Every structure is written in structure tokens, then in C-alpha cells.
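Shown next: run30.pdb, given as PDB, C-alpha atoms.
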ATOM      1  CA  MET G1272      47.106 -18.799 -17.079  1.00  0.00           C
ATOM      2  CA  ALA G1273      47.636 -18.681 -20.799  1.00  0.00           C
ATOM      3  CA  ARG G1274      50.602 -16.410 -21.380  1.00  0.00           C
ATOM      4  CA  VAL G1275      52.240 -15.952 -24.765  1.00  0.00           C
ATOM      5  CA  TYR G1276      55.394 -17.891 -23.836  1.00  0.00           C
ATOM      6  CA  GLY G1277      53.276 -20.771 -22.441  1.00  0.00           C
ATOM      7  CA  ILE G1278      51.106 -20.866 -25.544  1.00  0.00           C
ATOM      8  CA  LYS G1279      54.218 -20.969 -27.733  1.00  0.00           C
ATOM      9  CA  LYS G1280      55.625 -23.849 -25.673  1.00  0.00           C
ATOM     10  CA  LYS G1281      52.340 -25.794 -25.914  1.00  0.00           C
ATOM     11  CA  LEU G1282      52.146 -25.187 -29.680  1.00  0.00           C
ATOM     12  CA  LEU G1283      55.609 -26.745 -30.012  1.00  0.00           C
ATOM     13  CA  LEU G1284      54.615 -29.706 -27.792  1.00  0.00           C
ATOM     14  CA  ASN G1285      51.584 -30.274 -30.042  1.00  0.00           C
ATOM     15  CA  ASN G1286      53.826 -30.414 -33.127  1.00  0.00           C
ATOM     16  CA  VAL G1287      52.342 -27.308 -34.736  1.00  0.00           C
ATOM     17  CA  ASP G1288      54.451 -26.246 -37.723  1.00  0.00           C
ATOM     18  CA  GLU G1289      57.005 -23.592 -36.733  1.00  0.00           C
ATOM     19  CA  LYS G1290      55.828 -21.264 -39.521  1.00  0.00           C
ATOM     20  CA  ILE G1291      52.285 -21.370 -38.129  1.00  0.00           C
ATOM     21  CA  ILE G1292      53.603 -20.839 -34.586  1.00  0.00           C
ATOM     22  CA  LYS G1293      55.478 -17.752 -35.742  1.00  0.00           C
ATOM     23  CA  GLU G1294      52.329 -16.436 -37.430  1.00  0.00           C
ATOM     24  CA  ILE G1295      50.209 -17.127 -34.326  1.00  0.00           C
ATOM     25  CA  ILE G1296      52.639 -15.466 -31.912  1.00  0.00           C
ATOM     26  CA  GLY G1297      53.141 -12.486 -34.242  1.00  0.00           C
ATOM     27  CA  ASN G1298      53.283  -9.228 -32.268  1.00  0.00           C
ATOM     28  CA  GLU G1299      52.877 -11.111 -28.937  1.00  0.00           C
ATOM     29  CA  ASP G1300      49.676  -9.186 -28.111  1.00  0.00           C
ATOM     30  CA  LEU G1301      47.596 -11.841 -26.346  1.00  0.00           C
ATOM     31  CA  VAL G1302      44.240 -10.816 -27.862  1.00  0.00           C
ATOM     32  CA  ASP G1303      45.787 -10.976 -31.340  1.00  0.00           C
ATOM     33  CA  VAL G1304      47.433 -14.332 -30.522  1.00  0.00           C
ATOM     34  CA  ILE G1305      44.072 -15.856 -29.568  1.00  0.00           C
ATOM     35  CA  VAL G1306      42.361 -14.433 -32.674  1.00  0.00           C
ATOM     36  CA  ARG G1307      45.070 -15.986 -34.850  1.00  0.00           C
ATOM     37  CA  MET G1308      44.826 -19.312 -32.983  1.00  0.00           C
ATOM     38  CA  GLU G1309      41.092 -19.360 -33.763  1.00  0.00           C
ATOM     39  CA  LYS G1310      41.837 -18.839 -37.452  1.00  0.00           C
ATOM     40  CA  LEU G1311      44.777 -21.204 -37.825  1.00  0.00           C
ATOM     41  CA  LEU G1312      44.145 -24.139 -35.478  1.00  0.00           C
ATOM     42  CA  ASP G1313      41.564 -26.854 -35.183  1.00  0.00           C
ATOM     43  CA  PRO G1314      39.168 -25.770 -32.374  1.00  0.00           C
ATOM     44  CA  ASP G1315      39.738 -28.957 -30.346  1.00  0.00           C
ATOM     45  CA  MET G1316      43.514 -28.526 -30.469  1.00  0.00           C
ATOM     46  CA  MET G1317      43.238 -24.857 -29.530  1.00  0.00           C
ATOM     47  CA  HIS G1318      40.963 -25.647 -26.570  1.00  0.00           C
ATOM     48  CA  GLU G1319      43.292 -28.416 -25.414  1.00  0.00           C
ATOM     49  CA  ILE G1320      46.326 -26.107 -25.618  1.00  0.00           C
ATOM     50  CA  LEU G1321      44.595 -23.323 -23.682  1.00  0.00           C
ATOM     51  CA  ASP G1322      43.224 -25.788 -21.103  1.00  0.00           C
ATOM     52  CA  SER G1323      46.746 -27.119 -20.574  1.00  0.00           C
ATOM     53  CA  CYS G1324      47.969 -23.571 -19.799  1.00  0.00           C
ATOM     54  CA  ALA G1325      45.650 -23.324 -16.778  1.00  0.00           C
ATOM     55  CA  CYS G1326      47.109 -22.254 -13.467  1.00  0.00           C
ATOM     56  CA  GLY G1327      46.571 -24.613 -10.548  1.00  0.00           C
ATOM     57  CA  GLY G1328      45.805 -22.149  -7.803  1.00  0.00           C
ATOM     58  CA  GLY G1329      48.888 -23.091  -5.799  1.00  0.00           C
ATOM     59  CA  GLN G1330      49.842 -26.230  -3.882  1.00  0.00           C
ATOM     60  CA  GLU G1331      48.009 -25.234  -0.699  1.00  0.00           C
ATOM     61  CA  PHE G1332      44.758 -24.680  -2.576  1.00  0.00           C
ATOM     62  CA  LEU G1333      45.117 -28.008  -4.400  1.00  0.00           C
ATOM     63  CA  LYS G1334      45.631 -29.728  -1.017  1.00  0.00           C
ATOM     64  CA  GLN G1335      42.406 -28.123   0.206  1.00  0.00           C
ATOM     65  CA  CYS G1336      40.563 -29.350  -2.911  1.00  0.00           C
ATOM     66  CA  LYS G1337      41.847 -32.895  -2.339  1.00  0.00           C
ATOM     67  CA  LYS G1338      40.822 -32.764   1.337  1.00  0.00           C
ATOM     68  CA  ILE G1339      37.311 -31.639   0.402  1.00  0.00           C
ATOM     69  CA  GLY G1340      37.086 -34.517  -2.076  1.00  0.00           C
ATOM     70  CA  LYS G1341      38.243 -36.976   0.564  1.00  0.00           C
ATOM     71  CA  ASP G1342      35.761 -35.583   3.117  1.00  0.00           C
ATOM     72  CA  LEU G1343      32.907 -36.027   0.606  1.00  0.00           C
ATOM     73  CA  THR G1344      33.776 -39.651  -0.244  1.00  0.00           C
ATOM     74  CA  GLY G1345      30.670 -41.834  -0.182  1.00  0.00           C
ATOM     75  CA  LYS G1346      28.237 -38.993  -0.859  1.00  0.00           C
ATOM     76  CA  SER G1347      26.197 -38.780  -4.058  1.00  0.00           C
ATOM     77  CA  LEU G1348      27.166 -36.246  -6.697  1.00  0.00           C
ATOM     78  CA  ASP G1349      24.060 -34.193  -5.806  1.00  0.00           C
ATOM     79  CA  GLU G1350      25.136 -34.116  -2.157  1.00  0.00           C
ATOM     80  CA  LYS G1351      28.675 -33.103  -3.106  1.00  0.00           C
ATOM     81  CA  VAL G1352      27.430 -30.261  -5.342  1.00  0.00           C
ATOM     82  CA  ASN G1353      25.089 -29.016  -2.597  1.00  0.00           C
ATOM     83  CA  HIS G1354      27.898 -29.154  -0.037  1.00  0.00           C
ATOM     84  CA  LEU G1355      30.254 -27.130  -2.233  1.00  0.00           C
ATOM     85  CA  ASN G1356      27.616 -24.516  -3.072  1.00  0.00           C
ATOM     86  CA  ASN G1357      26.420 -24.133   0.532  1.00  0.00           C
ATOM     87  CA  ASN G1358      29.622 -24.559   2.550  1.00  0.00           C
ATOM     88  CA  ILE G1359      32.712 -23.968   0.437  1.00  0.00           C
ATOM     89  CA  PHE G1360      32.099 -21.554  -2.418  1.00  0.00           C
ATOM     90  CA  ASP G1361      31.756 -17.780  -2.080  1.00  0.00           C
ATOM     91  CA  SER G1362      31.915 -16.518  -5.660  1.00  0.00           C
ATOM     92  CA  GLU G1363      31.507 -19.869  -7.395  1.00  0.00           C
ATOM     93  CA  LYS G1364      28.393 -21.895  -8.122  1.00  0.00           C
ATOM     94  CA  ILE G1365      27.905 -25.232  -9.783  1.00  0.00           C
ATOM     95  CA  ILE G1366      24.694 -26.736 -11.108  1.00  0.00           C
ATOM     96  CA  LEU G1367      24.319 -30.394 -11.886  1.00  0.00           C
ATOM     97  CA  ASN G1368      22.316 -30.612 -15.101  1.00  0.00           C
ATOM     98  CA  GLY G1369      20.192 -33.644 -15.876  1.00  0.00           C
ATOM     99  CA  ASN G1370      22.084 -34.517 -19.062  1.00  0.00           C
ATOM    100  CA  ASN G1371      25.494 -35.483 -17.645  1.00  0.00           C
ATOM    101  CA  LEU G1372      26.611 -31.870 -17.718  1.00  0.00           C
ATOM    102  CA  LEU G1373      27.665 -29.525 -14.973  1.00  0.00           C
ATOM    103  CA  THR G1374      27.512 -25.730 -15.248  1.00  0.00           C
ATOM    104  CA  GLY G1375      30.094 -23.757 -13.290  1.00  0.00           C
ATOM    105  CA  THR G1376      29.929 -20.007 -12.734  1.00  0.00           C
ATOM    106  CA  LEU G1377      32.578 -17.697 -11.281  1.00  0.00           C
ATOM    107  CA  SER G1378      30.997 -14.400 -10.219  1.00  0.00           C
ATOM    108  CA  TYR G1379      33.630 -11.993  -9.000  1.00  0.00           C
ATOM    109  CA  LYS G1380      32.262  -8.453  -8.837  1.00  0.00           C
ATOM    110  CA  GLY G1381      33.807  -5.046  -8.467  1.00  0.00           C
ATOM    111  CA  ASN G1382      32.229  -1.641  -9.099  1.00  0.00           C
ATOM    112  CA  GLU G1383      28.945  -3.207 -10.291  1.00  0.00           C
ATOM    113  CA  LYS G1384      30.712  -5.160 -13.053  1.00  0.00           C
ATOM    114  CA  TYR G1385      31.911  -8.723 -13.177  1.00  0.00           C
ATOM    115  CA  LYS G1386      35.668  -8.918 -13.046  1.00  0.00           C
ATOM    116  CA  CYS G1387      38.289 -11.299 -14.274  1.00  0.00           C
ATOM    117  CA  VAL G1388      41.025 -12.543 -11.958  1.00  0.00           C
ATOM    118  CA  CYS G1389      43.485 -13.474 -14.723  1.00  0.00           C
ATOM    119  CA  SER G1390      46.766 -11.595 -14.412  1.00  0.00           C
ATOM    120  CA  ALA G1391      48.310 -12.651 -17.728  1.00  0.00           C
ATOM    121  CA  ALA G1392      49.684  -9.752 -19.762  1.00  0.00           C
ATOM    122  CA  VAL G1393      47.880  -8.793 -22.970  1.00  0.00           C
ATOM    123  CA  LYS G1394      50.641  -6.378 -23.819  1.00  0.00           C
ATOM    124  CA  LYS G1395      53.046  -4.210 -21.864  1.00  0.00           C
ATOM    125  CA  GLY G1396      51.140  -2.408 -19.120  1.00  0.00           C
ATOM    126  CA  MET G1397      47.833  -4.265 -19.598  1.00  0.00           C
ATOM    127  CA  THR G1398      46.563  -7.515 -18.116  1.00  0.00           C
ATOM    128  CA  VAL G1399      43.690  -9.706 -19.262  1.00  0.00           C
ATOM    129  CA  SER G1400      41.614  -8.491 -16.303  1.00  0.00           C
ATOM    130  CA  ASP G1401      41.918  -4.907 -17.636  1.00  0.00           C
ATOM    131  CA  LEU G1402      39.750  -5.933 -20.619  1.00  0.00           C
ATOM    132  CA  THR G1403      36.623  -5.768 -18.419  1.00  0.00           C
ATOM    133  CA  GLY G1404      36.845  -1.975 -18.393  1.00  0.00           C
ATOM    134  CA  ASP G1405      37.750   0.792 -20.792  1.00  0.00           C
ATOM    135  CA  ALA G1406      41.507   0.115 -20.959  1.00  0.00           C
ATOM    136  CA  ASP G1407      41.132  -1.330 -24.461  1.00  0.00           C
ATOM    137  CA  ASP G1408      38.266  -1.289 -26.951  1.00  0.00           C
ATOM    138  CA  ARG G1409      38.773  -4.963 -27.833  1.00  0.00           C
ATOM    139  CA  ALA G1410      37.125  -7.977 -26.277  1.00  0.00           C
ATOM    140  CA  MET G1411      39.097 -11.167 -25.684  1.00  0.00           C
ATOM    141  CA  PRO G1412      37.696 -14.100 -27.701  1.00  0.00           C
ATOM    142  CA  LEU G1413      35.770 -16.512 -25.458  1.00  0.00           C
ATOM    143  CA  SER G1414      38.113 -19.335 -26.431  1.00  0.00           C
ATOM    144  CA  TYR G1415      40.860 -17.753 -24.279  1.00  0.00           C
ATOM    145  CA  CYS G1416      38.800 -18.672 -21.225  1.00  0.00           C
ATOM    146  CA  PHE G1417      39.347 -22.394 -21.817  1.00  0.00           C
ATOM    147  CA  CYS G1418      42.417 -21.701 -19.682  1.00  0.00           C
ATOM    148  CA  CYS G1419      40.387 -20.552 -16.672  1.00  0.00           C
ATOM    149  CA  ALA G1420      37.830 -23.282 -17.341  1.00  0.00           C
ATOM    150  CA  GLY G1421      40.680 -25.794 -17.158  1.00  0.00           C
ATOM    151  CA  SER G1422      41.730 -24.477 -13.779  1.00  0.00           C
ATOM    152  CA  PHE G1423      38.168 -24.578 -12.400  1.00  0.00           C
ATOM    153  CA  ARG G1424      37.680 -28.045 -13.931  1.00  0.00           C
ATOM    154  CA  ARG G1425      40.772 -29.417 -12.193  1.00  0.00           C
ATOM    155  CA  HIS G1426      39.619 -28.057  -8.833  1.00  0.00           C
ATOM    156  CA  LEU G1427      36.126 -29.500  -9.295  1.00  0.00           C
ATOM    157  CA  GLN G1428      37.546 -32.898 -10.270  1.00  0.00           C
ATOM    158  CA  LEU G1429      39.455 -33.033  -6.988  1.00  0.00           C
ATOM    159  CA  GLN G1430      36.492 -31.828  -4.933  1.00  0.00           C
ATOM    160  CA  LEU G1431      33.809 -33.954  -6.612  1.00  0.00           C
ATOM    161  CA  SER G1432      35.957 -37.030  -7.409  1.00  0.00           C
ATOM    162  CA  VAL G1433      34.709 -37.143 -11.008  1.00  0.00           C
ATOM    163  CA  GLU G1434      36.395 -36.698 -14.373  1.00  0.00           C
ATOM    164  CA  LEU G1435      35.260 -33.621 -16.297  1.00  0.00           C
ATOM    165  CA  LYS G1436      35.876 -32.235 -19.764  1.00  0.00           C
ATOM    166  CA  THR G1437      35.281 -28.590 -20.636  1.00  0.00           C
ATOM    167  CA  LYS G1438      32.509 -28.585 -23.209  1.00  0.00           C
ATOM    168  CA  GLU G1439      31.855 -24.850 -23.622  1.00  0.00           C
ATOM    169  CA  VAL G1440      32.768 -21.391 -22.410  1.00  0.00           C
ATOM    170  CA  VAL G1441      29.375 -19.654 -22.237  1.00  0.00           C
ATOM    171  CA  SER G1442      30.385 -16.184 -21.079  1.00  0.00           C
ATOM    172  CA  SER G1443      33.193 -14.133 -19.590  1.00  0.00           C
ATOM    173  CA  PRO G1444      33.767 -10.640 -18.190  1.00  0.00           C
ATOM    174  CA  ILE G1445      36.679 -10.147 -20.626  1.00  0.00           C
ATOM    175  CA  ASN G1446      34.431 -10.847 -23.593  1.00  0.00           C
ATOM    176  CA  SER G1447      31.511  -8.734 -22.335  1.00  0.00           C
ATOM    177  CA  LYS G1448      33.236  -5.670 -20.831  1.00  0.00           C
ATOM    178  CA  GLY G1449      32.260  -6.935 -17.378  1.00  0.00           C
ATOM    179  CA  GLN G1450      28.572  -7.451 -18.130  1.00  0.00           C
ATOM    180  CA  LYS G1451      28.607 -11.268 -17.749  1.00  0.00           C
ATOM    181  CA  PRO G1452      30.302 -13.662 -15.303  1.00  0.00           C
ATOM    182  CA  CYS G1453      32.572 -16.556 -16.197  1.00  0.00           C
ATOM    183  CA  GLU G1454      30.302 -19.464 -17.069  1.00  0.00           C
ATOM    184  CA  PHE G1455      31.486 -22.867 -18.213  1.00  0.00           C
ATOM    185  CA  ILE G1456      29.793 -26.134 -19.113  1.00  0.00           C
ATOM    186  CA  PHE G1457      31.622 -29.318 -18.171  1.00  0.00           C
ATOM    187  CA  GLU G1458      30.836 -32.825 -19.356  1.00  0.00           C
ATOM    188  CA  ILE G1459      30.970 -35.556 -16.730  1.00  0.00           C
ATOM    189  CA  ILE G1460      32.990 -38.417 -18.249  1.00  0.00           C
TER     190      ILE G1460
END
Have the structure of the file written as C-alpha cells, please.
Amino acid sequence: MARVYGIKKKLLLNNVDEKIIKEIIGNEDLVDVIVRMEKLLDPDMMHEILDSCACGGGQEFLKQCKKIGKDLTGKSLDEKVNHLNNNIFDSEKIILNGNNLLTGTLSYKGNEKYKCVCSAAVKKGMTVSDLTGDADDRAMPLSYCFCCAGSFRRHLQLQLSVELKTKEVVSSPINSKGQKPCEFIFEII
């Protein structure tokens, strides 16, 4: 997950000027950091940095993803997508679009609202997932969710045995106060 210290590290690795890094990190409030990244960085670089901050889900989960991919070897992409949707996923759904795109949706619900499972701290005493409720009057910019999209993308790549690139973050509970699920569009490359 994209935490302030991880973002700072990735900014350094991408040779962003230290003065700009200092301005981006500022007060270390994660919502403010993302807003400043949107203003000061090229969108592709920002998306790449946030994608690279994605959590993996743990070694055991990654092993399960690889096993699913191995078990589906030889099946068409349509068959793989149908298998995942009907046999593996509970709160996830993927749709194979006709234009070399794949739409992925994460629909975690709680108390009639969509919820976010990100546990990164926005500021002391508040996590990203708290932004789906009334804990803060701000909404996280959608670009933050390139991190979660990167995690989902990596899992799908292992399960489907295809290379994907995150094309767009369509919606998120942390940008809609819990009114919309996480929805991502991935390009099959």
C-alpha cells in the first residue's frame, strides 16, 4: 500500500528532484501528498510510482494465485475469466471487454456502503479506509488507487497468465464516501 515513506522512497528511485520531493511530502498527510503529486508530477510517473507501492497480499496468497494460473494453463482467456468469477472470487469480478481491455471490480461492503481495505495511514489515528465514512470531509484523489489497482493487476497476471497494465481507476469507495466500489480498467499487453 502507498504509505508516505514508501512514496518518498519511490520518488527518490525515480530521480525526482529533492526540492520537489520535500514539497510533495510536506505535512505527511497522505491525502495532501497525493494532491501535491497530481500537481507536481507527470501523470504517468505518478501512476507508476503508486503502482510500484502496491502490497502483494502475502507470500501464501501469491502462491495460491500462481497455482490457479498453473491449473488454468491451456484454457482460453474467456474460460479463465469465467473460472475465476464462478469458482474463486467472492468480492471480485472481472469482465473481459472486446477491445483488449479487462475491467476489474472489488466490491467489499459493510453497513450498506462499499468499503476500502487499505490500512495505510492518512494521518495519525486515521487510515485510508476511514475515508469511506464521516471521519474526514475530504475524498482521496482517485489516482491514489493506482496502488490497489497494481496489487489486483499482479494477482490477475498470475491467475490469468497474461501481462496487464493499469489503464484507469474508474471509481473507489475512498473517493465516493463509500457510494462506489473499486473499479479498474486493465489493458492486456
Option closest in space to G:Glu1454, from G:Cys1389, G:Glu1434, G:Glu1363, G:Gly1327 [counting only C-alpha atoms] =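 Result for the nearest residue to G:Glu1454: G:Glu1363.
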Chain and number of each residue from the PyMOL selection byres ((chain G and resi 1308-1317) around 12), as a ChimeraX atom specification = /G:1273,1275,1278-1279,1281-1282,1284-1288,1290-1297,1301-1307,1318-1324,1411-1418,1436-1439
Using the file's own x, y and z axes, so that the box edges lie along x, y and z, what centre and edge lengths in Å (one decimal) does a box around every listed atom of stretch 1299-1307 of chain G get when 4 Å is added on each side? Give it as AutoDock Vina command-line options.
--center_x 47.6 --center_y -12.6 --center_z -30.6 --size_x 18.5 --size_y 14.8 --size_z 16.5
Min atom-atom distance to G:Asn1358 from the set G:Cys1387, G:Leu1373, G:Ile1460, G:Ile1339, counting all atoms listed in the file, belongs to G:Ile1339
In Å to one decimal, how far is atom CA of G:Leu1431 from atom CA of G:Lys1337?
->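 We find that atom CA of G:Lys1337 and atom CA of G:Leu1431 lie 9.2 Å from each other.
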Could you work out how far atom CA of G:Glu1383 lies from atom CA of G:Asn1357, giving the answer in Å with one decimal?
->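 Answer for the atom CA of G:Asn1357 to atom CA of G:Glu1383 separation: 23.7 Å.
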To one decimal in Å, tell me the separation between atom CA of G:Ala1420 and atom CA of G:Lys1346.
->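 Interatomic distance here is 24.7 Å.
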Which residues come within 12 Å of G:Lys1395, counting all atoms listed in the file, excluding same-chain residues fewer than 5 positions away, as an MDAnalysis selection string?
-> chainID G and resid 1298:1301 1401
Between G:Leu1333, G:Leu1427, G:Leu1402, G:Leu1343, which is the closest to G:Lys1384 once you count all atoms listed in the file?
->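 Of G:Leu1333, G:Leu1427, G:Leu1402, G:Leu1343, the one nearest G:Lys1384, counting all atoms listed in the file, is G:Leu1402.
Remark: for G:Ser1442, the closest of the candidate residues G:Phe1455, G:Asp1405, G:Gln1430, G:Ser1400 is G:Phe1455 (distances computed over all atoms listed in the file).
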Could you list as a tab-separated table (two decimals) with C-alpha atoms, keeping the file's coordinate frame every residue that has an atom within 9 Å of (43.2, -25.2, -6.5), using the file's coordinates and counting all atoms listed in the file?
chain	number	residue	atom	x	y	z
G	1326	CYS	CA	47.11	-22.25	-13.47
G	1327	GLY	CA	46.57	-24.61	-10.55
G	1328	GLY	CA	45.80	-22.15	-7.80
G	1329	GLY	CA	48.89	-23.09	-5.80
G	1330	GLN	CA	49.84	-26.23	-3.88
G	1331	GLU	CA	48.01	-25.23	-0.70
G	1332	PHE	CA	44.76	-24.68	-2.58
G	1333	LEU	CA	45.12	-28.01	-4.40
G	1334	LYS	CA	45.63	-29.73	-1.02
G	1335	GLN	CA	42.41	-28.12	0.21
G	1336	CYS	CA	40.56	-29.35	-2.91
G	1337	LYS	CA	41.85	-32.90	-2.34
G	1422	SER	CA	41.73	-24.48	-13.78
G	1423	PHE	CA	38.17	-24.58	-12.40
G	1425	ARG	CA	40.77	-29.42	-12.19
G	1426	HIS	CA	39.62	-28.06	-8.83
G	1427	LEU	CA	36.13	-29.50	-9.30
G	1429	LEU	CA	39.46	-33.03	-6.99
Smallest atom-to-atom distance to G:Asp1408: which of G:Ile1445, G:Ala1325, G:Ile1459, G:Leu1377, using all atoms listed in the file?
->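 Of all the options, G:Ile1445 lies closest to G:Asp1408.
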Residue with smallest distance to G:Val1433 - pool G:Glu1289, G:Glu1458, G:Val1399, G:Thr1376, counting all atoms listed in the file =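 Among the listed residues, the smallest separation from G:Val1433 belongs to G:Glu1458.
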Translate the PyMOL selection byres ((chain G and resi 1369) around 12), as applied to the file shown, into an explicit residue set as a ChimeraX atom specification.
-> /G:1348-1349,1366-1368,1370-1374,1458-1459
Which residues fall under the PyMOL selection byres ((chain G and resi 1378) around 6) in this file, as a PyMOL selection string?
-> chain G and resi 1362+1377+1379+1452
Write out N, CA, C and O atoms for stretch 1379-1397 of chain G, as a compact mmCIF listing (two decimals), in the coordinates of the input.
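For reference, rebuild14.txt as written:
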# COMPACT_ATOMS: atom_id res chain seq x y z
N TYR G 1379 32.86 -12.97 -9.76
CA TYR G 1379 33.63 -11.99 -9.00
C TYR G 1379 33.17 -10.62 -9.44
O TYR G 1379 33.16 -10.32 -10.62
N LYS G 1380 32.79 -9.77 -8.48
CA LYS G 1380 32.26 -8.45 -8.84
C LYS G 1380 33.11 -7.35 -8.23
O LYS G 1380 33.68 -7.49 -7.16
N GLY G 1381 33.14 -6.25 -8.94
CA GLY G 1381 33.81 -5.05 -8.47
C GLY G 1381 33.23 -3.85 -9.20
O GLY G 1381 33.11 -3.87 -10.43
N ASN G 1382 32.81 -2.84 -8.48
CA ASN G 1382 32.23 -1.64 -9.10
C ASN G 1382 31.05 -1.96 -10.01
O ASN G 1382 30.95 -1.46 -11.13
N GLU G 1383 30.17 -2.85 -9.56
CA GLU G 1383 28.94 -3.21 -10.29
C GLU G 1383 29.18 -3.96 -11.59
O GLU G 1383 28.26 -4.16 -12.36
N LYS G 1384 30.41 -4.36 -11.86
CA LYS G 1384 30.71 -5.16 -13.05
C LYS G 1384 31.35 -6.47 -12.60
O LYS G 1384 31.97 -6.54 -11.54
N TYR G 1385 31.18 -7.48 -13.43
CA TYR G 1385 31.91 -8.72 -13.18
C TYR G 1385 33.37 -8.47 -13.52
O TYR G 1385 33.68 -7.71 -14.42
N LYS G 1386 34.25 -9.11 -12.77
CA LYS G 1386 35.67 -8.92 -13.05
C LYS G 1386 36.34 -10.25 -13.30
O LYS G 1386 35.84 -11.30 -12.93
N CYS G 1387 37.46 -10.16 -13.94
CA CYS G 1387 38.29 -11.30 -14.27
C CYS G 1387 39.48 -11.30 -13.32
O CYS G 1387 40.01 -10.24 -13.01
N VAL G 1388 39.89 -12.47 -12.88
CA VAL G 1388 41.02 -12.54 -11.96
C VAL G 1388 42.32 -12.96 -12.65
O VAL G 1388 43.34 -13.12 -12.00
N CYS G 1389 42.29 -13.08 -13.98
CA CYS G 1389 43.48 -13.47 -14.72
C CYS G 1389 44.49 -12.32 -14.76
O CYS G 1389 44.14 -11.19 -15.10
N SER G 1390 45.73 -12.63 -14.43
CA SER G 1390 46.77 -11.60 -14.41
C SER G 1390 47.75 -11.70 -15.57
O SER G 1390 48.77 -11.03 -15.57
N ALA G 1391 47.43 -12.53 -16.56
CA ALA G 1391 48.31 -12.65 -17.73
C ALA G 1391 48.36 -11.32 -18.48
O ALA G 1391 47.37 -10.59 -18.54
N ALA G 1392 49.51 -11.01 -19.04
CA ALA G 1392 49.68 -9.75 -19.76
C ALA G 1392 49.15 -9.88 -21.18
O ALA G 1392 49.45 -10.84 -21.89
N VAL G 1393 48.33 -8.89 -21.58
CA VAL G 1393 47.88 -8.79 -22.97
C VAL G 1393 49.00 -8.17 -23.78
O VAL G 1393 49.36 -8.63 -24.86
N LYS G 1394 49.51 -7.09 -23.24
CA LYS G 1394 50.64 -6.38 -23.82
C LYS G 1394 51.26 -5.58 -22.69
O LYS G 1394 50.71 -5.53 -21.58
N LYS G 1395 52.35 -4.95 -22.92
CA LYS G 1395 53.05 -4.21 -21.86
C LYS G 1395 52.10 -3.21 -21.20
O LYS G 1395 51.47 -2.39 -21.87
N GLY G 1396 51.96 -3.34 -19.88
CA GLY G 1396 51.14 -2.41 -19.12
C GLY G 1396 49.66 -2.75 -19.05
O GLY G 1396 48.88 -2.01 -18.47
N MET G 1397 49.25 -3.89 -19.63
CA MET G 1397 47.83 -4.26 -19.60
C MET G 1397 47.69 -5.76 -19.35
O MET G 1397 48.33 -6.57 -20.02
